[in-house]
Structure formats: C-alpha cells, structure tokens
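Have a look at final_9.txt below; it lists compact mmCIF, C-alpha atoms.
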# COMPACT_ATOMS: atom_id res chain seq x y z
CA MET Y 775 -0.55 145.64 92.84
CA LYS Y 776 -2.28 149.02 92.91
CA PHE Y 777 -3.00 151.80 95.37
CA ARG Y 778 -4.94 155.00 94.86
CA GLY Y 779 -6.54 157.31 97.41
CA LYS Y 780 -8.22 160.70 97.12
CA ILE Y 781 -8.84 163.27 99.86
CA THR Y 782 -11.32 166.07 99.14
CA ASP Y 783 -12.16 167.15 102.69
CA ILE Y 784 -9.81 169.83 104.04
CA ALA Y 785 -10.19 168.63 107.65
CA CYS Y 786 -9.23 165.09 106.61
CA LEU Y 787 -6.23 166.44 104.70
CA ASN Y 788 -5.06 168.48 107.69
CA HIS Y 789 -5.46 165.52 110.03
CA PHE Y 790 -3.62 163.13 107.70
CA THR Y 791 -0.81 165.68 107.36
CA ARG Y 792 -0.50 165.94 111.16
CA VAL Y 793 -0.26 162.15 111.46
CA VAL Y 794 2.42 161.87 108.75
CA THR Y 795 4.33 164.79 110.31
CA THR Y 796 4.22 163.05 113.69
CA ILE Y 797 5.66 159.89 112.12
CA SER Y 798 8.39 161.93 110.39
CA LYS Y 799 9.52 163.29 113.78
CA LEU Y 800 9.86 159.78 115.19
CA THR Y 801 11.78 158.02 112.41
CA LYS Y 802 13.60 158.68 109.13
CA THR Y 803 12.26 155.53 107.49
CA CYS Y 804 9.42 153.16 108.26
CA VAL Y 805 7.14 150.60 106.65
CA LEU Y 806 3.81 151.63 105.15
CA ARG Y 807 1.46 148.64 105.14
CA LEU Y 808 -1.68 149.06 103.04
CA THR Y 809 -4.80 146.91 103.41
CA PRO Y 810 -8.37 147.42 102.12
CA ASP Y 811 -9.46 149.02 105.40
CA HIS Y 812 -6.35 150.41 107.08
CA LEU Y 813 -3.00 152.11 106.65
CA PHE Y 814 -0.21 151.21 109.06
CA PHE Y 815 3.05 153.04 109.68
CA ILE Y 816 5.44 150.58 111.32
CA LEU Y 817 8.91 150.83 112.80
CA PRO Y 818 9.83 147.23 113.64
CA GLY Y 819 12.44 148.28 116.18
CA LYS Y 820 14.37 145.59 118.00
CA VAL Y 821 13.42 146.77 121.47
CA THR Y 822 15.33 143.92 123.04
CA ASN Y 823 18.46 145.28 121.34
CA GLY Y 824 17.94 148.85 122.48
CA GLY Y 825 15.94 150.16 119.52
CA VAL Y 826 12.58 151.92 119.68
CA GLY Y 827 9.49 150.46 118.03
CA MET Y 828 6.36 152.07 116.59
CA TRP Y 829 2.95 150.99 115.34
CA CYS Y 830 0.49 153.57 113.96
CA GLN Y 831 -2.89 152.45 112.65
CA LEU Y 832 -5.27 154.60 110.58
CA LEU Y 833 -8.78 153.72 109.44
CA GLN Y 834 -8.73 154.69 105.76
CA ALA Y 835 -12.45 155.53 105.59
CA ASN Y 836 -11.92 158.40 108.06
CA PHE Y 837 -9.30 160.06 105.85
CA PHE Y 838 -9.99 159.17 102.21
CA GLN Y 839 -13.15 159.96 100.27
CA GLU Y 840 -11.98 157.52 97.58
CA TYR Y 841 -9.74 154.53 98.28
CA GLN Y 842 -8.78 151.65 96.01
CA MET Y 843 -6.08 149.05 96.46
CA GLU Y 844 -5.17 145.67 95.04
CA GLY Y 845 -2.69 143.54 96.94
CA VAL Y 846 0.21 141.51 95.65
CA THR Y 847 -2.26 138.72 94.74
CA SER Y 848 -6.03 138.34 94.77
CA GLU Y 849 -5.70 136.24 97.93
CA VAL Y 850 -3.23 138.55 99.70
CA GLN Y 851 -4.78 142.01 99.77
CA GLU Y 852 -1.80 143.85 101.25
CA ILE Y 853 1.09 145.99 100.07
CA CYS Y 854 4.19 146.76 102.14
CA LEU Y 855 6.41 149.71 101.22
CA GLU Y 856 9.51 151.19 102.83
CA VAL Y 857 8.96 154.96 102.94
CA SER Y 858 10.62 158.12 104.20
CA PRO Y 859 7.81 160.04 105.93
CA GLU Y 860 9.61 163.40 105.95
CA PRO Y 861 9.28 164.02 102.16
CA TRP Y 862 5.61 163.00 102.45
CA SER Y 863 5.14 165.52 105.24
CA ARG Y 864 6.80 168.28 103.20
CA ALA Y 865 4.68 167.50 100.14
CA LEU Y 866 1.43 167.46 102.12
CA LYS Y 867 2.22 170.71 103.94
CA THR Y 868 2.57 172.55 100.62
CA VAL Y 869 -0.93 171.56 99.45
CA GLN Y 870 -3.09 172.31 102.49
CA SER Y 871 -5.32 174.65 100.44
CA ALA Y 872 -5.87 172.09 97.66
CA LYS Y 873 -9.32 171.24 96.36
CA SER Y 874 -8.29 167.60 96.34
CA VAL Y 875 -5.17 165.47 96.88
CA LYS Y 876 -4.56 162.12 95.23
CA LEU Y 877 -2.05 159.55 96.45
CA LYS Y 878 -1.12 156.87 93.95
CA LEU Y 879 1.48 154.10 93.76
CA THR Y 880 3.34 154.72 90.50
CA ARG Y 881 6.52 153.72 88.73
CA LYS Y 882 8.66 156.55 87.40
CA HIS Y 883 12.43 156.12 87.49
CA CYS Y 884 11.64 153.94 90.53
CA ALA Y 885 8.62 152.98 92.58
CA CYS Y 886 6.96 156.13 93.97
CA VAL Y 887 3.93 157.32 95.82
CA THR Y 888 2.80 160.27 93.73
CA VAL Y 889 1.07 163.12 95.58
CA ALA Y 890 -1.02 165.08 93.06
CA ALA Y 891 -2.85 168.15 94.35
CA GLU Y 892 -5.50 170.11 92.47
CA LEU Y 893 -5.07 173.71 93.59
CA PRO Y 894 -7.75 176.42 93.51
CA THR Y 895 -7.49 178.91 90.63
CA LEU Y 896 -9.28 182.04 89.42
CA SER Y 897 -9.11 180.96 85.79
CA SER Y 898 -10.82 178.12 83.98
CA VAL Y 899 -7.48 176.32 83.66
CA GLY Y 900 -6.81 173.91 86.51
CA ARG Y 901 -3.51 173.76 88.35
CA VAL Y 902 -2.09 170.44 89.49
CA VAL Y 903 1.08 170.16 91.60
CA THR Y 904 2.76 166.77 91.68
CA HIS Y 905 5.32 165.35 94.11
CA ASP Y 906 6.91 161.95 93.50
CA VAL Y 907 8.10 160.37 96.75
CA PRO Y 908 10.36 157.33 96.16
CA VAL Y 909 9.48 154.10 97.98
CA ASP Y 910 10.79 150.54 98.03
CA VAL Y 911 8.41 147.62 97.57
CA ILE Y 912 9.08 145.05 100.31
CA PRO Y 913 8.97 141.38 99.22
CA ARG Y 914 6.50 139.06 100.94
CA ARG Y 915 9.22 136.93 102.51
CA LEU Y 916 9.98 139.84 104.89
CA TRP Y 917 6.41 140.64 105.89
CA GLN Y 918 6.46 138.60 109.08
CA GLU Y 919 8.51 141.41 110.65
CA PHE Y 920 5.64 143.86 110.20
CA GLN Y 921 2.88 142.24 112.20
CA GLU Y 922 1.39 144.19 115.09
CA ALA Y 923 3.36 144.03 118.30
CA GLY Y 924 1.10 142.87 121.07
CA VAL Y 925 0.54 144.85 124.25
CA PRO Y 926 3.42 143.87 126.54
CA ASP Y 927 2.78 141.98 129.76
CA PHE Y 928 3.08 145.16 131.79
CA ASP Y 929 3.21 145.70 135.54
CA VAL Y 930 1.43 149.08 135.64
CA SER Y 931 -0.76 151.01 133.22
CA VAL Y 932 -1.47 154.70 133.89
CA TYR Y 933 -2.89 157.65 131.98
CA LEU Y 934 -0.32 160.27 131.03
CA PRO Y 935 -0.49 163.88 132.25
CA PRO Y 936 -1.10 166.60 129.63
CA LEU Y 937 1.56 165.99 126.98
CA LYS Y 938 2.59 169.65 126.77
CA THR Y 939 3.20 169.67 130.54
CA MET Y 940 5.15 166.42 130.34
CA LYS Y 941 7.23 167.75 127.44
CA SER Y 942 8.10 170.91 129.39
CA VAL Y 943 9.31 168.82 132.33
CA VAL Y 944 11.35 166.46 130.15
CA ASP Y 945 12.92 169.37 128.24
CA ARG Y 946 14.21 170.84 131.50
CA MET Y 947 15.44 167.51 132.83
CA LYS Y 948 17.36 166.83 129.62
CA ASN Y 949 19.70 169.68 130.51
CA LEU Y 950 20.69 167.80 133.68
CA SER Y 951 20.97 164.15 132.60
CA ASN Y 952 20.87 161.79 129.63
CA PHE Y 953 18.74 159.28 131.51
CA LEU Y 954 15.32 159.49 133.13
CA VAL Y 955 13.46 157.16 135.46
CA MET Y 956 9.74 156.75 134.73
CA GLU Y 957 7.77 155.12 137.52
CA ALA Y 958 4.06 154.63 138.17
CA ASN Y 959 1.69 152.66 140.37
CA LEU Y 960 -1.90 151.41 140.40
CA ASN Y 961 -3.06 154.45 142.40
CA GLY Y 962 -2.65 156.62 139.31
CA ASP Y 963 0.63 158.20 140.41
CA MET Y 964 3.56 158.84 138.08
CA ASN Y 965 7.02 160.21 138.82
CA LEU Y 966 9.69 161.44 136.42
CA LYS Y 967 13.13 161.37 138.06
CA ILE Y 968 16.72 162.11 137.25
CA GLN Y 969 19.58 161.20 139.57
CA THR Y 970 23.21 162.14 139.10
CA ASP Y 971 26.19 162.57 141.41
CA LEU Y 972 25.36 166.27 141.66
CA VAL Y 973 21.59 166.51 141.60
CA SER Y 974 18.38 164.56 142.17
CA VAL Y 975 15.11 165.94 140.74
CA THR Y 976 11.65 164.37 140.82
CA THR Y 977 8.39 165.61 139.31
CA HIS Y 978 5.25 164.04 140.78
CA PHE Y 979 1.92 163.59 138.98
CA LYS Y 980 -1.02 162.49 141.15
CA ASP Y 981 -4.48 161.06 140.45
CA LEU Y 982 -3.87 160.42 136.76
CA GLY Y 983 -6.05 157.34 136.81
CA ASN Y 984 -5.42 153.80 135.60
CA PRO Y 985 -7.02 152.29 132.47
CA ALA Y 986 -9.44 149.45 133.16
CA TRP Y 987 -7.07 146.77 131.93
CA GLY Y 988 -4.49 148.00 134.45
CA VAL Y 989 -6.52 146.78 137.42
CA ASP Y 990 -8.32 143.78 135.94
CA SER Y 991 -6.30 140.61 135.77
CA SER Y 992 -8.79 139.15 133.28
CA GLN Y 993 -7.54 141.57 130.61
CA ASP Y 994 -4.68 140.47 128.37
CA GLY Y 995 -1.43 141.96 129.56
CA GLY Y 996 -2.93 143.29 132.79
CA PRO Y 997 -1.10 142.93 136.07
CA SER Y 998 -2.27 140.71 138.87
CA GLN Y 999 -4.86 142.14 141.26
CA SER Y 1000 -2.55 141.05 144.07
CA ARG Y 1001 -0.07 143.82 143.18
CA ASP Y 1002 0.22 146.45 145.92
CA PRO Y 1003 -1.28 149.64 144.38
CA GLU Y 1004 1.34 151.77 146.16
CA VAL Y 1005 4.34 149.92 144.74
CA MET Y 1006 6.04 151.67 141.84
CA ALA Y 1007 7.07 149.94 138.62
CA GLU Y 1008 9.99 151.79 137.07
CA VAL Y 1009 12.09 151.93 133.93
CA THR Y 1010 15.22 153.97 133.20
CA VAL Y 1011 15.16 155.25 129.61
CA ASP Y 1012 17.24 157.41 127.31
CA ILE Y 1013 15.68 160.83 127.86
CA ARG Y 1014 16.30 161.79 124.21
CA LYS Y 1015 14.00 159.00 122.99
CA LEU Y 1016 11.20 160.15 125.27
CA GLN Y 1017 11.76 163.78 124.27
CA GLN Y 1018 11.63 162.82 120.59
CA PHE Y 1019 8.24 161.19 121.13
CA LEU Y 1020 6.85 164.24 122.96
CA MET Y 1021 8.29 166.77 120.49
CA GLY Y 1022 6.88 165.03 117.43
CA GLN Y 1023 3.35 164.45 118.72
CA GLN Y 1024 0.70 166.18 116.58
CA VAL Y 1025 -2.04 163.56 116.79
CA ASN Y 1026 -3.90 165.48 119.55
CA PRO Y 1027 -5.09 162.29 121.24
CA SER Y 1028 -8.29 161.93 123.23
CA LYS Y 1029 -6.42 159.51 125.52
CA ALA Y 1030 -2.73 158.98 126.22
CA LEU Y 1031 -1.44 156.21 128.43
CA CYS Y 1032 1.75 154.54 129.54
CA ASN Y 1033 2.34 150.83 130.21
CA ILE Y 1034 5.47 150.00 132.20
CA VAL Y 1035 7.19 146.64 132.24
CA HIS Y 1036 9.41 146.92 135.32
CA GLN Y 1037 13.05 147.56 134.35
CA ASN Y 1038 12.33 146.48 130.78
CA VAL Y 1039 10.27 148.74 128.49
CA VAL Y 1040 7.92 151.74 128.37
CA HIS Y 1041 4.94 151.33 126.04
CA LEU Y 1042 3.33 154.69 125.18
CA VAL Y 1043 -0.10 154.78 123.52
CA LEU Y 1044 -1.91 157.72 121.91
CA LEU Y 1045 -5.57 157.14 121.03
CA HIS Y 1046 -7.73 159.22 118.71
CA GLU Y 1047 -11.09 158.18 117.27
CA ASP Y 1048 -9.45 157.25 113.96
CA VAL Y 1049 -5.76 156.89 114.87
CA SER Y 1050 -3.85 154.78 117.35
CA LEU Y 1051 -0.12 155.26 117.85
CA GLN Y 1052 2.03 152.91 119.93
CA TYR Y 1053 5.64 153.69 120.76
CA PHE Y 1054 8.07 151.38 122.58
CA ILE Y 1055 11.12 152.74 124.46
CA PRO Y 1056 13.47 150.10 125.90
CA ALA Y 1057 15.17 150.31 129.27
CA VAL Y 1058 18.76 151.52 129.29
CA ALA Y 1059 21.05 148.51 129.59

In structure tokens, how does this file's structure come out?
Amino acid sequence: MKFRGKITDIACLNHFTRVVTTISKLTKTCVLRLTPDHLFFILPGKVTNGGVGMWCQLLQANFFQEYQMEGVTSEVQEICLEVSPEPWSRALKTVQSAKSVKLKLTRKHCACVTVAAELPTLSSVGRVVTHDVPVDVIPRRLWQEFQEAGVPDFDVSVYLPPLKTMKSVVDRMKNLSNFLVMEANLNGDMNLKIQTDLVSVTTHFKDLGNPAWGVDSSQDGGPSQSRDPEVMAEVTVDIRKLQQFLMGQQVNPSKALCNIVHQNVVHLVLLHEDVSLQYFIPAVA
C-alpha cells in the first residue's frame, strides 16, 4: 500500500490548496479515498438522521505532475484514509511559493501523509520543509460506506444565483432565524424565506435556469414532465449548515446547482472542469 504525488505547477498547487481549504471549512474529519485516477474527499453523513453529507471528486492528472499509488492488494487498487483536512490546508498554505510539493503516505509514530515542500533559495543548498499530517488507515470491511451517493430522486433542479450574492442574503437572514426555507420551480425561480412570529422575509431569484436533467424525465433522478413548472418544491433547512457551505466555498465553480427533494433534502452541486463537489443538507425534522 503506497501513495506518492508531486506537484510542480504553481497554479495546480494553488487550486489543490483551495479545494482542501474548502473541505476543511465543511468538516473536521473526512475520508480520503485514493484510486489510480482520482482522489475523493467523502463525508458519509447520515442525511436521514439529520447529518450533512459530502462527496468531492478530483481528477489526479489535473493536479499532480507525478502520481503513483498501490492499493491494499494488486486486485484492489484503492486506499481509504480518515483525515483531518484543516492541518492539510495549513501545511499547503505555508508552501505556496514552493518549487515543488510532494505528498507521500508514510509511517512515523503513526500513519501520516507527509507534505514535503522544496522552497526556493539563493544559495546552492536546497531547503525542504516537511509537515507530517496524521491519518488513520480504514480497513476494507468499512469501505462500503464510502461509495458515491447517487443523485437523489429530486422534484426540482435549478441553477444557483451567484454564490457571493446568495451568501450575503443568507448571512443577513441568519440574524433573524435559525431556519430557512429553500424553494424552487421548473421555471428557474428560487426563493429563500424565513418566517417567524415576528417577521417574514423572502428573497426572490428569477430566470436562473434549470439544468437539462431537471426537465427531461428520461434522465436519472429527473422529475416527471407532468410537473407544473410554476409549483414550488421546498425544504426547510438549518440555516447554519447552508451558511457553512457558502462560507467555505473556494472552488470557484463554472456551474452551481441545487436539487430539491420536497420536504426532504437539498442537494448542492459545484462543478469545475477538474473538481465536482456535492453537499447534502437534510430537512429540519
């Protein structure tokens, strides 16, 4: 069981750091699943029990200039590790000017992912800074929990408004209520609402557009074409969980969308050419 990756491109290093930092804002611990072609950061949250869930997929070739891994056996080319992304984020932020950064699965006093950065120097003597980030190797008998969560059988899918705008709205609403109603329809409309005994506030977003699978019943998970496009599907969520998602986002997605299962779950998706991040927020019981 081996893993070694090397990043020599500064843009790739910056992008990888932003992804890891985003993950660190969403969870204190998660599962890092390594395969020959991909890295996955997974939070197998029990959404049905009120927990959030996360699935982030990275294509390794778009980040690493060198990448080698050997799985637990020659037939099973995977490694699953429990990691704390925040120490990773801190380590990567301190080496943004490095000539190269190596990530390697090592065993020191415990299993670690060692971050070794070769820093620029004016002398002929190289400088290498090393960070050892402890990890736990997850046994194969538990791996079934870390398979990709499928797209839920949603009622409405809609593109999100600009995330900075949405964050500003949610930040203000958080001062008024702990709960927020998200609702959307197949006309590309989305509303964010709070309702208390003292105040009722709604922010309307129009003409956001609906992804193709949201209006085509032949797509997996898509709603029926018989659904009235004006009818709203809604979910009441803990506003802090939505705010956490919006505050931590540094992926800079090319597309961001929201799938709503009426009165059940909000499925948020951020898409970049080499990163996809899915986040599940359950309805408030």

Please tabulate, as CSV, the residues of range 781-892 of chain Y that come within 8 Å of range 902-926 of chain Y, each with its closest pair of atoms and the distance in Å to one decimal, counting only C-alpha atoms and ordering rows by chain, then residue number upward.
residue,atom,partner,partner_atom,distance
Y:Val805,CA,Y:Phe920,CA,7.8
Y:Ile816,CA,Y:Phe920,CA,6.8
Y:Pro818,CA,Y:Phe920,CA,6.4
Y:Trp829,CA,Y:Glu922,CA,7.0
Y:Ile853,CA,Y:Val911,CA,7.9
Y:Cys854,CA,Y:Ile912,CA,5.5
Y:Leu855,CA,Y:Val911,CA,4.7
Y:Glu856,CA,Y:Asp910,CA,5.0
Y:Val857,CA,Y:Val909,CA,5.1
Y:Ser858,CA,Y:Val909,CA,7.5
Y:Pro861,CA,Y:Val907,CA,6.6
Y:Trp862,CA,Y:Val907,CA,6.8
Y:Ala865,CA,Y:His905,CA,6.4
Y:Cys884,CA,Y:Pro908,CA,6.7
Y:Ala885,CA,Y:Val909,CA,5.6
Y:Cys886,CA,Y:Pro908,CA,4.2
Y:Val887,CA,Y:Val907,CA,5.2
Y:Thr888,CA,Y:Asp906,CA,4.4
Y:Val889,CA,Y:His905,CA,5.0
Y:Ala890,CA,Y:Thr904,CA,4.4
Y:Ala891,CA,Y:Val903,CA,5.2
Y:Glu892,CA,Y:Val902,CA,4.5

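Residues in contact with Asn788 in chain Y at up to 12 Å, not including ones fewer than 6 positions away on its chain and judged by only C-alpha atoms, are Ile781, Thr782, Val794, Thr795, Phe837, Phe838, Ser863, Leu866, Lys867, Thr868, Val869, Gln870, Ser871, Ala872, Ser874, Val875, Gln1024 and Val1025 of chain Y.
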
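When all atoms listed in the file are used to compute distances to Val1011 in chain Y, the closest of the residues Y:Asn952, Y:Gln1052, Y:Gln839, Y:Thr895 turns out to be Y:Asn952.
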
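With all atoms listed in the file as the atoms that count, the residue of Y:Gly1022, Y:Pro985, Y:Pro1056, Y:Gly779 with the shortest distance to Gly825 in chain Y is Y:Pro1056.
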
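Protein and nucleic acid residues near (2.7, 148.0, 135.2) are Phe928, Asp929, Val930, Ser931, Ala1007, Asn1033, Ile1034 and Val1035 of chain Y, the criterion being any atom at most 6 Å away using only C-alpha atoms.
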
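With CA of Lys941 in chain Y on one side and CA of Val1049 in chain Y on the other, the separation reads 21.1 Å.
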
Worksheet entry | Counting all atoms listed in the file, the option among Y:Asp1012, Y:Glu844, Y:Asp971, Y:Asp927 closest to Val944 in chain Y | Y:Asp1012

Worksheet entry | Nearest residue to Gln831 in chain Y from the set Y:Ala986, Y:Leu808, Y:Cys786, Y:Val1039 (distances using all atoms listed in the file) | Y:Leu808

Write out as a short mmCIF file (atom, residue, chain, number, x, y, z; two decimals) with C-alpha atoms, keeping the file's coordinate frame the residues lying within 6 Å of Tyr1053 in chain Y, counting only C-alpha atoms and excluding same-chain residues fewer than 5 positions away.
data_model
loop_
_atom_site.label_atom_id
_atom_site.label_comp_id
_atom_site.auth_asym_id
_atom_site.auth_seq_id
_atom_site.Cartn_x
_atom_site.Cartn_y
_atom_site.Cartn_z
CA GLY Y 827 9.49 150.46 118.03
CA MET Y 828 6.36 152.07 116.59
CA HIS Y 1041 4.94 151.33 126.04
CA LEU Y 1042 3.33 154.69 125.18
#

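The residue that comes closest to Arg1001 in chain Y, out of Y:Leu960, Y:Val850, Y:Leu813, Y:Leu832 and on the basis of all atoms listed in the file, is Y:Leu960.
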
Response to the item:
Students should find that CA of Asn984 in chain Y and CA of Val932 in chain Y are spaced 4.4 Å

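Near Pro1003 in chain Y, within 9 Å and counting all atoms listed in the file, sit Asn959, Leu960, Asn961 and Gly962 of chain Y, not including residues fewer than 6 positions from it in the same chain.
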